[in-house]
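Have a look at coords-v8.cif; it's mmCIF, C-alpha atoms (C1' of nucleotides):
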data_target
#
loop_
_atom_site.label_atom_id
_atom_site.label_comp_id
_atom_site.auth_asym_id
_atom_site.auth_seq_id
_atom_site.Cartn_x
_atom_site.Cartn_y
_atom_site.Cartn_z
CA MET F 1 -0.16 -17.94 7.18
CA GLN F 2 -3.83 -17.04 7.22
CA SER F 3 -3.10 -14.35 9.73
CA MET F 4 -0.16 -13.10 7.73
CA LEU F 5 -2.42 -12.57 4.76
CA ARG F 6 -4.78 -10.59 6.92
CA GLU F 7 -1.98 -8.45 8.24
CA TYR F 8 -0.88 -7.78 4.73
CA LYS F 9 -4.35 -6.82 3.57
CA ALA F 10 -4.75 -4.62 6.61
CA SER F 11 -1.47 -2.89 5.89
CA ILE F 12 -2.58 -2.14 2.34
CA PHE F 13 -5.95 -0.87 3.50
CA GLN F 14 -4.20 1.21 6.08
CA ALA F 15 -2.11 2.75 3.32
CA LEU F 16 -5.30 3.61 1.45
CA ALA F 17 -7.02 4.97 4.53
CA HIS F 18 -6.32 8.62 3.93
CA PRO F 19 -8.07 11.04 1.58
CA THR F 20 -4.81 12.46 0.30
CA ARG F 21 -3.44 9.04 -0.58
CA ILE F 22 -6.64 8.15 -2.37
CA ALA F 23 -6.33 11.39 -4.30
CA ILE F 24 -2.77 10.43 -5.22
CA LEU F 25 -3.88 7.07 -6.57
CA GLU F 26 -6.62 8.75 -8.57
CA VAL F 27 -4.03 11.00 -10.16
CA LEU F 28 -1.77 8.02 -10.85
CA ARG F 29 -4.47 6.13 -12.65
CA ASP F 30 -3.87 8.40 -15.65
CA GLY F 31 -0.28 7.18 -15.77
CA GLU F 32 3.16 8.08 -14.56
CA ILE F 33 3.58 11.58 -13.19
CA SER F 34 6.17 13.59 -11.29
CA ALA F 35 5.86 14.35 -7.61
CA ARG F 36 5.78 18.05 -8.38
CA ALA F 37 2.87 17.59 -10.76
CA ILE F 38 0.96 15.60 -8.16
CA GLN F 39 1.59 18.32 -5.64
CA GLU F 40 0.24 20.97 -8.00
CA ARG F 41 -2.83 18.97 -8.81
CA LEU F 42 -3.65 18.33 -5.19
CA GLY F 43 -2.56 21.68 -3.86
CA ILE F 44 -0.86 20.36 -0.76
CA GLU F 45 2.45 20.97 1.02
CA GLN F 46 5.52 19.43 -0.55
CA ALA F 47 6.63 17.71 2.63
CA ASN F 48 3.20 16.34 3.25
CA LEU F 49 2.97 14.85 -0.23
CA SER F 50 6.38 13.33 0.19
CA GLN F 51 5.31 11.72 3.44
CA HIS F 52 2.26 10.22 1.84
CA LEU F 53 4.29 8.99 -1.10
CA ALA F 54 6.69 7.39 1.33
CA ILE F 55 3.85 5.40 2.82
CA LEU F 56 2.66 4.25 -0.60
CA ARG F 57 6.23 3.31 -1.48
CA SER F 58 6.75 1.38 1.71
CA ARG F 59 3.73 -0.75 0.86
CA GLU F 60 5.01 -1.27 -2.68
CA ILE F 61 1.83 0.29 -3.98
CA VAL F 62 3.66 2.73 -6.23
CA ALA F 63 6.84 2.52 -8.23
CA HIS F 64 9.20 5.44 -8.57
CA ARG F 65 11.84 6.33 -11.10
CA LYS F 66 14.31 9.18 -10.98
CA GLU F 67 14.86 11.25 -14.05
CA GLY F 68 17.30 14.05 -13.56
CA ASN F 69 15.88 16.40 -11.06
CA GLN F 70 12.58 14.78 -10.62
CA VAL F 71 10.95 11.59 -9.46
CA PHE F 72 8.15 9.98 -11.40
CA TYR F 73 5.57 7.87 -9.69
CA ALA F 74 3.36 5.17 -11.10
CA LEU F 75 0.91 2.59 -9.87
CA ARG F 76 2.38 -0.87 -9.55
CA ASN F 77 -0.82 -2.78 -9.97
CA LYS F 78 -4.10 -1.96 -11.63
CA VAL F 79 -5.95 -4.09 -9.17
CA LEU F 80 -6.00 -1.20 -6.76
CA ILE F 81 -7.77 0.91 -9.33
CA LYS F 82 -10.37 -1.80 -9.57
CA VAL F 83 -10.69 -1.62 -5.82
CA LEU F 84 -11.23 2.11 -5.95
CA ASP F 85 -13.84 1.62 -8.66
CA LEU F 86 -15.63 -0.94 -6.55
CA MET F 87 -15.58 1.53 -3.72
CA ARG F 88 -17.26 4.07 -5.95
CA GLN F 89 -19.93 1.49 -6.70
CA TYR F 90 -20.24 0.83 -3.04
CA PHE F 91 -20.49 4.52 -2.39
CA GLN F 92 -23.34 4.97 -4.81
CA ALA F 93 -25.20 2.11 -3.21
CA HIS F 94 -24.86 3.73 0.16
CA LEU F 95 -25.06 7.34 -0.84
CA ASN F 96 -27.71 8.43 1.54
CA GLU F 97 -26.36 6.50 4.45
CA ALA F 98 -22.93 7.81 3.72
CA VAL F 99 -23.99 11.42 3.73
CA GLN F 100 -25.67 10.90 7.04
CA MET F 101 -22.66 9.09 8.41
CA LEU F 102 -20.27 11.84 7.41
CA THR F 103 -22.57 14.40 8.90
CA GLU F 104 -22.54 12.51 12.14
CA ILE F 105 -18.79 12.17 12.08
CA GLU F 106 -18.56 15.89 11.46
CA ALA F 107 -20.94 16.59 14.30
CA GLU F 108 -18.90 14.42 16.64
CA ARG F 109 -15.72 16.10 15.61
CA GLY F 110 -17.35 19.47 16.21
CA ALA F 111 -18.64 18.44 19.59
CA ARG F 112 -15.19 17.39 20.76
CA MET Y 1 -18.01 16.67 -3.43
CA GLN Y 2 -14.93 15.04 -4.89
CA SER Y 3 -13.20 15.42 -1.58
CA MET Y 4 -16.19 14.13 0.30
CA LEU Y 5 -16.06 10.96 -1.76
CA ARG Y 6 -12.42 10.56 -0.89
CA GLU Y 7 -13.11 11.04 2.78
CA TYR Y 8 -15.77 8.42 2.58
CA LYS Y 9 -13.54 5.93 0.82
CA ALA Y 10 -10.81 6.62 3.32
CA SER Y 11 -13.16 6.02 6.21
CA ILE Y 12 -14.18 2.67 4.76
CA PHE Y 13 -10.58 1.68 4.13
CA GLN Y 14 -9.75 2.75 7.62
CA ALA Y 15 -12.46 0.46 8.92
CA LEU Y 16 -10.89 -2.40 6.95
CA ALA Y 17 -7.38 -1.56 8.11
CA HIS Y 18 -7.13 -4.05 10.90
CA PRO Y 19 -6.45 -7.78 10.74
CA THR Y 20 -9.22 -8.59 13.18
CA ARG Y 21 -11.82 -6.68 11.21
CA ILE Y 22 -10.73 -8.38 8.03
CA ALA Y 23 -11.10 -11.69 9.80
CA ILE Y 24 -14.60 -10.67 10.85
CA LEU Y 25 -15.58 -9.89 7.27
CA GLU Y 26 -14.18 -13.20 6.14
CA VAL Y 27 -16.36 -14.94 8.67
CA LEU Y 28 -19.37 -12.91 7.58
CA ARG Y 29 -18.97 -13.85 3.97
CA ASP Y 30 -20.48 -17.24 4.82
CA GLY Y 31 -23.64 -15.47 6.01
CA GLU Y 32 -25.22 -14.13 9.13
CA ILE Y 33 -23.66 -15.18 12.38
CA SER Y 34 -23.87 -14.28 16.06
CA ALA Y 35 -21.26 -12.20 17.80
CA ARG Y 36 -20.53 -15.09 20.13
CA ALA Y 37 -19.85 -17.40 17.21
CA ILE Y 38 -17.51 -14.86 15.65
CA GLN Y 39 -15.68 -14.57 18.90
CA GLU Y 40 -15.23 -18.31 19.14
CA ARG Y 41 -14.01 -18.58 15.59
CA LEU Y 42 -11.47 -15.82 16.03
CA GLY Y 43 -10.48 -16.63 19.56
CA ILE Y 44 -10.36 -13.05 20.78
CA GLU Y 45 -11.60 -11.13 23.81
CA GLN Y 46 -15.30 -10.41 23.91
CA ALA Y 47 -14.83 -6.70 24.54
CA ASN Y 48 -12.32 -6.44 21.77
CA LEU Y 49 -14.63 -8.07 19.26
CA SER Y 50 -17.43 -5.80 20.32
CA GLN Y 51 -15.23 -2.77 19.76
CA HIS Y 52 -14.32 -3.91 16.28
CA LEU Y 53 -17.94 -4.67 15.49
CA ALA Y 54 -18.85 -1.18 16.65
CA ILE Y 55 -16.44 0.26 14.12
CA LEU Y 56 -17.88 -1.86 11.31
CA ARG Y 57 -21.38 -0.83 12.39
CA SER Y 58 -20.50 2.85 12.49
CA ARG Y 59 -19.35 2.64 8.88
CA GLU Y 60 -22.56 0.82 7.94
CA ILE Y 61 -20.44 -2.06 6.72
CA VAL Y 62 -22.37 -4.64 8.69
CA ALA Y 63 -26.00 -4.98 9.65
CA HIS Y 64 -27.07 -6.35 12.99
CA ARG Y 65 -30.23 -7.91 14.22
CA LYS Y 66 -31.17 -8.85 17.74
CA GLU Y 67 -32.73 -12.18 18.40
CA GLY Y 68 -33.43 -12.86 22.01
CA ASN Y 69 -30.21 -12.96 23.84
CA GLN Y 70 -27.93 -12.61 20.92
CA VAL Y 71 -27.01 -10.28 18.11
CA PHE Y 72 -26.52 -11.53 14.59
CA TYR Y 73 -24.25 -9.75 12.21
CA ALA Y 74 -24.23 -9.76 8.44
CA LEU Y 75 -22.48 -8.00 5.61
CA ARG Y 76 -24.46 -5.19 4.08
CA ASN Y 77 -22.89 -5.27 0.70
CA LYS Y 78 -21.17 -8.00 -1.26
CA VAL Y 79 -18.98 -5.43 -2.95
CA LEU Y 80 -16.65 -5.52 0.02
CA ILE Y 81 -16.18 -9.22 -0.48
CA LYS Y 82 -15.17 -8.49 -4.04
CA VAL Y 83 -12.71 -6.00 -2.69
CA LEU Y 84 -11.23 -8.59 -0.36
CA ASP Y 85 -10.99 -11.03 -3.25
CA LEU Y 86 -9.19 -8.47 -5.34
CA MET Y 87 -6.82 -7.96 -2.47
CA ARG Y 88 -6.09 -11.65 -2.46
CA GLN Y 89 -5.30 -11.41 -6.16
CA TYR Y 90 -3.11 -8.44 -5.43
CA PHE Y 91 -1.43 -10.37 -2.68
CA GLN Y 92 -0.58 -13.26 -4.94
CA ALA Y 93 0.90 -10.88 -7.48
CA HIS Y 94 3.10 -9.36 -4.82
CA LEU Y 95 3.75 -12.40 -2.74
CA ASN Y 96 7.48 -12.22 -2.60
CA GLU Y 97 7.60 -8.50 -2.10
CA ALA Y 98 4.98 -8.79 0.56
CA VAL Y 99 6.87 -11.37 2.52
CA GLN Y 100 9.94 -9.23 2.41
CA MET Y 101 7.95 -6.18 3.42
CA LEU Y 102 6.38 -7.87 6.38
CA THR Y 103 9.75 -9.18 7.43
CA GLU Y 104 11.09 -5.66 7.35
CA ILE Y 105 8.15 -4.34 9.29
CA GLU Y 106 8.73 -7.09 11.83
CA ALA Y 107 12.40 -6.24 12.02
CA GLU Y 108 11.65 -2.58 12.58
CA ARG Y 109 9.12 -3.38 15.21
CA GLY Y 110 11.66 -5.62 16.93
CA ALA Y 111 14.37 -3.01 16.73
CA ARG Y 112 12.26 -0.40 18.45
"C1'" DT O 1 -36.40 -12.00 42.01
"C1'" DT O 2 -31.84 -13.98 41.23
"C1'" DA O 3 -28.32 -16.06 38.37
"C1'" DG O 4 -26.33 -16.68 34.11
"C1'" DT O 5 -25.28 -15.63 29.37
"C1'" DA O 6 -24.54 -12.37 25.46
"C1'" DT O 7 -23.24 -8.08 24.12
"C1'" DA O 8 -21.89 -3.15 24.46
"C1'" DT O 9 -19.65 0.75 26.54
"C1'" DT O 10 -16.35 3.37 29.18
"C1'" DC O 11 -11.76 4.26 30.88
"C1'" DG O 12 -6.89 4.85 30.88
"C1'" DA O 13 -2.42 3.60 29.09
"C1'" DT O 14 0.16 2.87 25.05
"C1'" DT O 15 1.08 3.11 20.38
"C1'" DT O 16 0.47 4.94 15.84
"C1'" DC O 17 -0.79 8.64 12.49
"C1'" DT O 18 -0.62 13.21 10.78
"C1'" DC O 19 0.85 17.70 10.12
"C1'" DG O 20 3.93 21.72 9.38
"C1'" DA O 21 8.50 23.42 10.21
"C1'" DA O 22 13.03 22.79 9.57
"C1'" DT O 23 16.57 20.56 7.36
"C1'" DA O 24 18.94 17.38 4.23
"C1'" DT O 25 19.99 15.47 -0.26
"C1'" DA O 26 20.49 15.42 -5.13
"C1'" DC O 27 20.53 17.23 -9.49
"C1'" DG O 28 21.14 20.90 -13.30
"C1'" DC O 29 23.04 24.93 -14.80
"C1'" DA O 30 25.51 29.35 -14.83
"C1'" DT J 1 31.88 26.47 -7.27
"C1'" DG J 2 27.43 28.30 -5.95
"C1'" DC J 3 22.39 28.81 -6.73
"C1'" DG J 4 17.88 27.18 -7.66
"C1'" DT J 5 14.66 23.52 -8.03
"C1'" DA J 6 12.79 18.92 -6.75
"C1'" DT J 7 12.30 15.67 -3.41
"C1'" DA J 8 13.01 13.28 1.04
"C1'" DT J 9 13.71 13.00 5.96
"C1'" DT J 10 13.53 14.25 10.77
"C1'" DC J 11 11.32 16.23 14.71
"C1'" DG J 12 7.83 17.43 17.95
"C1'" DA J 13 3.03 18.26 19.02
"C1'" DG J 14 -1.57 16.95 18.74
"C1'" DA J 15 -5.09 13.62 17.29
"C1'" DA J 16 -6.68 9.04 16.69
"C1'" DA J 17 -6.56 3.93 17.24
"C1'" DT J 18 -5.93 -0.05 20.13
"C1'" DC J 19 -6.09 -3.03 23.99
"C1'" DG J 20 -7.62 -5.20 28.37
"C1'" DA J 21 -10.06 -4.31 32.57
"C1'" DA J 22 -14.04 -3.01 34.54
"C1'" DT J 23 -18.68 -2.14 34.17
"C1'" DA J 24 -23.27 -1.67 32.10
"C1'" DT J 25 -27.25 -3.43 29.63
"C1'" DA J 26 -30.47 -6.75 28.10
"C1'" DC J 27 -32.39 -11.00 27.79
"C1'" DT J 28 -33.54 -15.98 29.52
"C1'" DA J 29 -34.64 -19.19 32.66
"C1'" DA J 30 -35.01 -21.06 37.27
#
What is this file in structure tokens?
Amino acid sequence: MQSMLREYKASIFQALAHPTRIAILEVLRDGEISARAIQERLGIEQANLSQHLAILRSREIVAHRKEGNQVFYALRNKVLIKVLDLMRQYFQAHLNEAVQMLTEIEAERGAR
Amino acid sequence: MQSMLREYKASIFQALAHPTRIAILEVLRDGEISARAIQERLGIEQANLSQHLAILRSREIVAHRKEGNQVFYALRNKVLIKVLDLMRQYFQAHLNEAVQMLTEIEAERGAR
DNA sequence: TTAGTATATTCGATTTCTCGAATATACGCA
DNA sequence: TGCGTATATTCGAGAAATCGAATATACTAA
């Protein structure tokens, strides 16, 4: 049971572990919105957005509702917004370290 | 800048996206502890633990301190504990869905 | 020095993630 | 019906994550 909880948490974190999906959640925090509108706001490929949405759906992180031609997405639980806010807090606390870390990650990626 | 923040958040979430690493953080919430002690509590391979700790270190999520033979690990920021607590809240809210989801994931894994 | 303990790193195989391209599905409207 | 728009799915290639095995490093104590 303990380990099941951890697997669950890990699967949610895994769903959040992509910049595009974080961007999607940030858009959704303003309320329900169509997939097309998300795509325009983020400026990404349609298929790619749909793939990311599929992941968020599979984790039950977002709800979706069809209306005619389009599909509207919404956050299922505000707790995740709180989590993102905490992360922002965390980020500010670690700003300098974070910049350095990202630079290093970049450097490694470049070196490869 | 906006996108850098998202990359950073994603990299932290990615670091949290593994049951073993979540277990490590849960151990660390009680305070500083040696790697050996973590290993005993979790009952995992030494090398494996060390790899997971390396990931948490690289994200600056944990601090480490050498003392003689051993290395003690500690959480750098309590905010992450808050995040884990929120996730527990989230989990309770979604308990039934989550069980079903995990069952499906299991089923898929089995089918493959 | 040698042996033993604690920890980290490297390696290679396997699995999982991610992307764009192509295609499929579903709906609305002429 | 046929066309256009919105969305989802499938596929294949490349990148990244994961594990255990083997090995390296660093410290302690005899």
Identify, on the basis of all atoms listed in the file, every residue whose closest approach to O:DC29 does not exceed 12 Å; exclude the query and any residue fewer than 4 positions from it along the same chain; express the result as a PyMOL selection string.
-> (chain F and resi 69) or (chain J and resi 1-5)
Quick one: write out the picked residues with C-alpha atoms (C1' of nucleotides) as a CSV table (one decimal), keeping the file's coordinate frame?
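Saved as result_0.csv:
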chain,number,residue,atom,x,y,z
F,69,ASN,CA,15.9,16.4,-11.1
J,1,DT,C1',31.9,26.5,-7.3
J,2,DG,C1',27.4,28.3,-6.0
J,3,DC,C1',22.4,28.8,-6.7
J,4,DG,C1',17.9,27.2,-7.7
J,5,DT,C1',14.7,23.5,-8.0
What are the residues of chain F that have an atom within 9 Å of an atom of chain J, counting all atoms listed in the file, as JSON, numbers by chain?
-> {"F": [35, 36, 46, 47, 50, 51, 54, 69, 70, 71]}
Can you move chain F onto chain Y by a least-squares fit over all C-alpha atoms paired in order, then give me the moved copy as a PDB file with C-alpha atoms, in the frame of the given file?
ATOM      1  CA  MET F   1     -17.928  16.741  -3.350  1.00  0.00           C
ATOM      2  CA  GLN F   2     -14.874  15.082  -4.834  1.00  0.00           C
ATOM      3  CA  SER F   3     -13.133  15.425  -1.529  1.00  0.00           C
ATOM      4  CA  MET F   4     -16.133  14.110   0.336  1.00  0.00           C
ATOM      5  CA  LEU F   5     -16.014  10.954  -1.722  1.00  0.00           C
ATOM      6  CA  ARG F   6     -12.374  10.543  -0.867  1.00  0.00           C
ATOM      7  CA  GLU F   7     -13.052  11.010   2.805  1.00  0.00           C
ATOM      8  CA  TYR F   8     -15.731   8.409   2.609  1.00  0.00           C
ATOM      9  CA  LYS F   9     -13.512   5.913   0.833  1.00  0.00           C
ATOM     10  CA  ALA F  10     -10.761   6.597   3.325  1.00  0.00           C
ATOM     11  CA  SER F  11     -13.120   6.004   6.215  1.00  0.00           C
ATOM     12  CA  ILE F  12     -14.138   2.647   4.769  1.00  0.00           C
ATOM     13  CA  PHE F  13     -10.540   1.652   4.148  1.00  0.00           C
ATOM     14  CA  GLN F  14      -9.710   2.740   7.637  1.00  0.00           C
ATOM     15  CA  ALA F  15     -12.428   0.437   8.927  1.00  0.00           C
ATOM     16  CA  LEU F  16     -10.866  -2.421   6.976  1.00  0.00           C
ATOM     17  CA  ALA F  17      -7.356  -1.588   8.106  1.00  0.00           C
ATOM     18  CA  HIS F  18      -7.122  -4.086  10.913  1.00  0.00           C
ATOM     19  CA  PRO F  19      -6.448  -7.822  10.745  1.00  0.00           C
ATOM     20  CA  THR F  20      -9.215  -8.629  13.190  1.00  0.00           C
ATOM     21  CA  ARG F  21     -11.800  -6.703  11.202  1.00  0.00           C
ATOM     22  CA  ILE F  22     -10.716  -8.412   8.018  1.00  0.00           C
ATOM     23  CA  ALA F  23     -11.094 -11.728   9.801  1.00  0.00           C
ATOM     24  CA  ILE F  24     -14.599 -10.697  10.847  1.00  0.00           C
ATOM     25  CA  LEU F  25     -15.579  -9.905   7.275  1.00  0.00           C
ATOM     26  CA  GLU F  26     -14.181 -13.231   6.127  1.00  0.00           C
ATOM     27  CA  VAL F  27     -16.373 -14.985   8.661  1.00  0.00           C
ATOM     28  CA  LEU F  28     -19.382 -12.924   7.581  1.00  0.00           C
ATOM     29  CA  ARG F  29     -18.984 -13.862   3.966  1.00  0.00           C
ATOM     30  CA  ASP F  30     -20.501 -17.250   4.820  1.00  0.00           C
ATOM     31  CA  GLY F  31     -23.639 -15.473   5.997  1.00  0.00           C
ATOM     32  CA  GLU F  32     -25.240 -14.113   9.111  1.00  0.00           C
ATOM     33  CA  ILE F  33     -23.688 -15.189  12.387  1.00  0.00           C
ATOM     34  CA  SER F  34     -23.908 -14.288  16.061  1.00  0.00           C
ATOM     35  CA  ALA F  35     -21.288 -12.217  17.811  1.00  0.00           C
ATOM     36  CA  ARG F  36     -20.553 -15.108  20.133  1.00  0.00           C
ATOM     37  CA  ALA F  37     -19.902 -17.421  17.205  1.00  0.00           C
ATOM     38  CA  ILE F  38     -17.549 -14.896  15.637  1.00  0.00           C
ATOM     39  CA  GLN F  39     -15.718 -14.595  18.908  1.00  0.00           C
ATOM     40  CA  GLU F  40     -15.281 -18.359  19.135  1.00  0.00           C
ATOM     41  CA  ARG F  41     -14.058 -18.631  15.598  1.00  0.00           C
ATOM     42  CA  LEU F  42     -11.516 -15.884  16.021  1.00  0.00           C
ATOM     43  CA  GLY F  43     -10.536 -16.690  19.566  1.00  0.00           C
ATOM     44  CA  ILE F  44     -10.398 -13.119  20.778  1.00  0.00           C
ATOM     45  CA  GLU F  45     -11.656 -11.208  23.822  1.00  0.00           C
ATOM     46  CA  GLN F  46     -15.350 -10.431  23.919  1.00  0.00           C
ATOM     47  CA  ALA F  47     -14.844  -6.733  24.529  1.00  0.00           C
ATOM     48  CA  ASN F  48     -12.322  -6.483  21.772  1.00  0.00           C
ATOM     49  CA  LEU F  49     -14.641  -8.119  19.257  1.00  0.00           C
ATOM     50  CA  SER F  50     -17.419  -5.822  20.317  1.00  0.00           C
ATOM     51  CA  GLN F  51     -15.201  -2.811  19.757  1.00  0.00           C
ATOM     52  CA  HIS F  52     -14.304  -3.956  16.294  1.00  0.00           C
ATOM     53  CA  LEU F  53     -17.926  -4.675  15.490  1.00  0.00           C
ATOM     54  CA  ALA F  54     -18.792  -1.195  16.658  1.00  0.00           C
ATOM     55  CA  ILE F  55     -16.391   0.248  14.128  1.00  0.00           C
ATOM     56  CA  LEU F  56     -17.851  -1.852  11.319  1.00  0.00           C
ATOM     57  CA  ARG F  57     -21.334  -0.802  12.400  1.00  0.00           C
ATOM     58  CA  SER F  58     -20.443   2.854  12.517  1.00  0.00           C
ATOM     59  CA  ARG F  59     -19.321   2.650   8.901  1.00  0.00           C
ATOM     60  CA  GLU F  60     -22.515   0.826   7.943  1.00  0.00           C
ATOM     61  CA  ILE F  61     -20.413  -2.057   6.716  1.00  0.00           C
ATOM     62  CA  VAL F  62     -22.363  -4.636   8.693  1.00  0.00           C
ATOM     63  CA  ALA F  63     -25.987  -4.966   9.649  1.00  0.00           C
ATOM     64  CA  HIS F  64     -27.071  -6.312  12.999  1.00  0.00           C
ATOM     65  CA  ARG F  65     -30.265  -7.875  14.230  1.00  0.00           C
ATOM     66  CA  LYS F  66     -31.182  -8.814  17.768  1.00  0.00           C
ATOM     67  CA  GLU F  67     -32.764 -12.143  18.422  1.00  0.00           C
ATOM     68  CA  GLY F  68     -33.458 -12.794  22.046  1.00  0.00           C
ATOM     69  CA  ASN F  69     -30.211 -12.904  23.845  1.00  0.00           C
ATOM     70  CA  GLN F  70     -27.968 -12.587  20.917  1.00  0.00           C
ATOM     71  CA  VAL F  71     -27.035 -10.259  18.107  1.00  0.00           C
ATOM     72  CA  PHE F  72     -26.558 -11.503  14.583  1.00  0.00           C
ATOM     73  CA  TYR F  73     -24.261  -9.748  12.201  1.00  0.00           C
ATOM     74  CA  ALA F  74     -24.249  -9.749   8.438  1.00  0.00           C
ATOM     75  CA  LEU F  75     -22.473  -8.004   5.614  1.00  0.00           C
ATOM     76  CA  ARG F  76     -24.443  -5.161   4.108  1.00  0.00           C
ATOM     77  CA  ASN F  77     -22.867  -5.249   0.706  1.00  0.00           C
ATOM     78  CA  LYS F  78     -21.126  -7.958  -1.247  1.00  0.00           C
ATOM     79  CA  VAL F  79     -18.944  -5.428  -2.934  1.00  0.00           C
ATOM     80  CA  LEU F  80     -16.615  -5.521   0.020  1.00  0.00           C
ATOM     81  CA  ILE F  81     -16.149  -9.227  -0.465  1.00  0.00           C
ATOM     82  CA  LYS F  82     -15.161  -8.502  -4.024  1.00  0.00           C
ATOM     83  CA  VAL F  83     -12.669  -6.021  -2.670  1.00  0.00           C
ATOM     84  CA  LEU F  84     -11.205  -8.612  -0.354  1.00  0.00           C
ATOM     85  CA  ASP F  85     -10.981 -11.051  -3.252  1.00  0.00           C
ATOM     86  CA  LEU F  86      -9.180  -8.484  -5.345  1.00  0.00           C
ATOM     87  CA  MET F  87      -6.807  -7.982  -2.476  1.00  0.00           C
ATOM     88  CA  ARG F  88      -6.079 -11.686  -2.472  1.00  0.00           C
ATOM     89  CA  GLN F  89      -5.298 -11.429  -6.169  1.00  0.00           C
ATOM     90  CA  TYR F  90      -3.122  -8.485  -5.448  1.00  0.00           C
ATOM     91  CA  PHE F  91      -1.430 -10.402  -2.697  1.00  0.00           C
ATOM     92  CA  GLN F  92      -0.571 -13.294  -4.951  1.00  0.00           C
ATOM     93  CA  ALA F  93       0.893 -10.928  -7.492  1.00  0.00           C
ATOM     94  CA  HIS F  94       3.105  -9.418  -4.861  1.00  0.00           C
ATOM     95  CA  LEU F  95       3.768 -12.454  -2.760  1.00  0.00           C
ATOM     96  CA  ASN F  96       7.485 -12.239  -2.630  1.00  0.00           C
ATOM     97  CA  GLU F  97       7.589  -8.530  -2.133  1.00  0.00           C
ATOM     98  CA  ALA F  98       4.983  -8.822   0.539  1.00  0.00           C
ATOM     99  CA  VAL F  99       6.884 -11.397   2.518  1.00  0.00           C
ATOM    100  CA  GLN F 100       9.927  -9.211   2.407  1.00  0.00           C
ATOM    101  CA  MET F 101       7.918  -6.173   3.382  1.00  0.00           C
ATOM    102  CA  LEU F 102       6.374  -7.878   6.380  1.00  0.00           C
ATOM    103  CA  THR F 103       9.753  -9.114   7.435  1.00  0.00           C
ATOM    104  CA  GLU F 104      11.054  -5.597   7.314  1.00  0.00           C
ATOM    105  CA  ILE F 105       8.099  -4.278   9.239  1.00  0.00           C
ATOM    106  CA  GLU F 106       8.695  -6.979  11.814  1.00  0.00           C
ATOM    107  CA  ALA F 107      12.359  -6.108  11.994  1.00  0.00           C
ATOM    108  CA  GLU F 108      11.538  -2.446  12.508  1.00  0.00           C
ATOM    109  CA  ARG F 109       9.057  -3.261  15.187  1.00  0.00           C
ATOM    110  CA  GLY F 110      11.659  -5.437  16.882  1.00  0.00           C
ATOM    111  CA  ALA F 111      14.294  -2.763  16.659  1.00  0.00           C
ATOM    112  CA  ARG F 112      12.069  -0.209  18.362  1.00  0.00           C
TER     113      ARG F 112
END
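Applying a distance limit of 12 Å to all atoms listed in the file, the residues of chain F near chain O read Gln14, Ala15, Ala17, His18, Thr20, Ile44, Glu45, Gln46, Ala47, Asn48, Leu49, Gln51, His52, Ile55, Lys66, Glu67, Gly68, Asn69, Gln70 and Val71 of chain F.
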Once you have the residues from the selection above, write them out as a PDB file, in the frame of the given file, restricted to C-alpha atoms.
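This is the output file out_1.pdb:
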ATOM      1  CA  GLN F  14      -4.200   1.210   6.080  1.00  0.00           C
ATOM      2  CA  ALA F  15      -2.110   2.750   3.320  1.00  0.00           C
ATOM      3  CA  ALA F  17      -7.020   4.970   4.530  1.00  0.00           C
ATOM      4  CA  HIS F  18      -6.320   8.620   3.930  1.00  0.00           C
ATOM      5  CA  THR F  20      -4.810  12.460   0.300  1.00  0.00           C
ATOM      6  CA  ILE F  44      -0.860  20.360  -0.760  1.00  0.00           C
ATOM      7  CA  GLU F  45       2.450  20.970   1.020  1.00  0.00           C
ATOM      8  CA  GLN F  46       5.520  19.430  -0.550  1.00  0.00           C
ATOM      9  CA  ALA F  47       6.630  17.710   2.630  1.00  0.00           C
ATOM     10  CA  ASN F  48       3.200  16.340   3.250  1.00  0.00           C
ATOM     11  CA  LEU F  49       2.970  14.850  -0.230  1.00  0.00           C
ATOM     12  CA  GLN F  51       5.310  11.720   3.440  1.00  0.00           C
ATOM     13  CA  HIS F  52       2.260  10.220   1.840  1.00  0.00           C
ATOM     14  CA  ILE F  55       3.850   5.400   2.820  1.00  0.00           C
ATOM     15  CA  LYS F  66      14.310   9.180 -10.980  1.00  0.00           C
ATOM     16  CA  GLU F  67      14.860  11.250 -14.050  1.00  0.00           C
ATOM     17  CA  GLY F  68      17.300  14.050 -13.560  1.00  0.00           C
ATOM     18  CA  ASN F  69      15.880  16.400 -11.060  1.00  0.00           C
ATOM     19  CA  GLN F  70      12.580  14.780 -10.620  1.00  0.00           C
ATOM     20  CA  VAL F  71      10.950  11.590  -9.460  1.00  0.00           C
TER      21      VAL F  71
END
Could you give me, as CSV, every chain Y residue with an atom at most 8 Å from chain F, plus its closest atom pair and distance in Å to one decimal, counting only C-alpha atoms, rows ordered by chain then number?
residue,atom,partner,partner_atom,distance
Y:Ser3,CA,F:Pro19,CA,7.4
Y:Leu5,CA,F:Phe91,CA,7.8
Y:Arg6,CA,F:Pro19,CA,5.0
Y:Glu7,CA,F:Pro19,CA,5.2
Y:Tyr8,CA,F:Ala98,CA,7.3
Y:Lys9,CA,F:Met87,CA,6.6
Y:Ala10,CA,F:Ala17,CA,4.3
Y:Ser11,CA,F:Ala17,CA,6.5
Y:Ile12,CA,F:Ala17,CA,7.5
Y:Phe13,CA,F:Ala17,CA,4.9
Y:Gln14,CA,F:Ala17,CA,4.7
Y:Leu16,CA,F:Phe13,CA,6.2
Y:Ala17,CA,F:Ala10,CA,4.3
Y:His18,CA,F:Ala10,CA,4.9
Y:Pro19,CA,F:Arg6,CA,5.0
Y:Thr20,CA,F:Arg6,CA,7.9
Y:Ile22,CA,F:Arg6,CA,6.4
Y:Ala23,CA,F:Arg6,CA,7.0
Y:Ser58,CA,F:Met101,CA,7.8
Y:Arg59,CA,F:Met101,CA,7.3
Y:Glu60,CA,F:Glu97,CA,7.7
Y:Asn77,CA,F:Tyr90,CA,7.6
Y:Val79,CA,F:Tyr90,CA,6.4
Y:Leu80,CA,F:Tyr90,CA,7.9
Y:Lys82,CA,F:Leu86,CA,8.0
Y:Val83,CA,F:Val83,CA,5.7
Y:Leu86,CA,F:Val79,CA,6.7
Y:Met87,CA,F:Lys9,CA,6.6
Y:Arg88,CA,F:Lys9,CA,7.9
Y:Gln89,CA,F:Val79,CA,7.9
Y:Tyr90,CA,F:Val79,CA,6.4
Y:Phe91,CA,F:Lys9,CA,7.8
Y:Glu97,CA,F:Glu60,CA,7.7
Y:Ala98,CA,F:Tyr8,CA,7.3
Y:Met101,CA,F:Arg59,CA,7.3
Y:Leu102,CA,F:Tyr8,CA,7.4
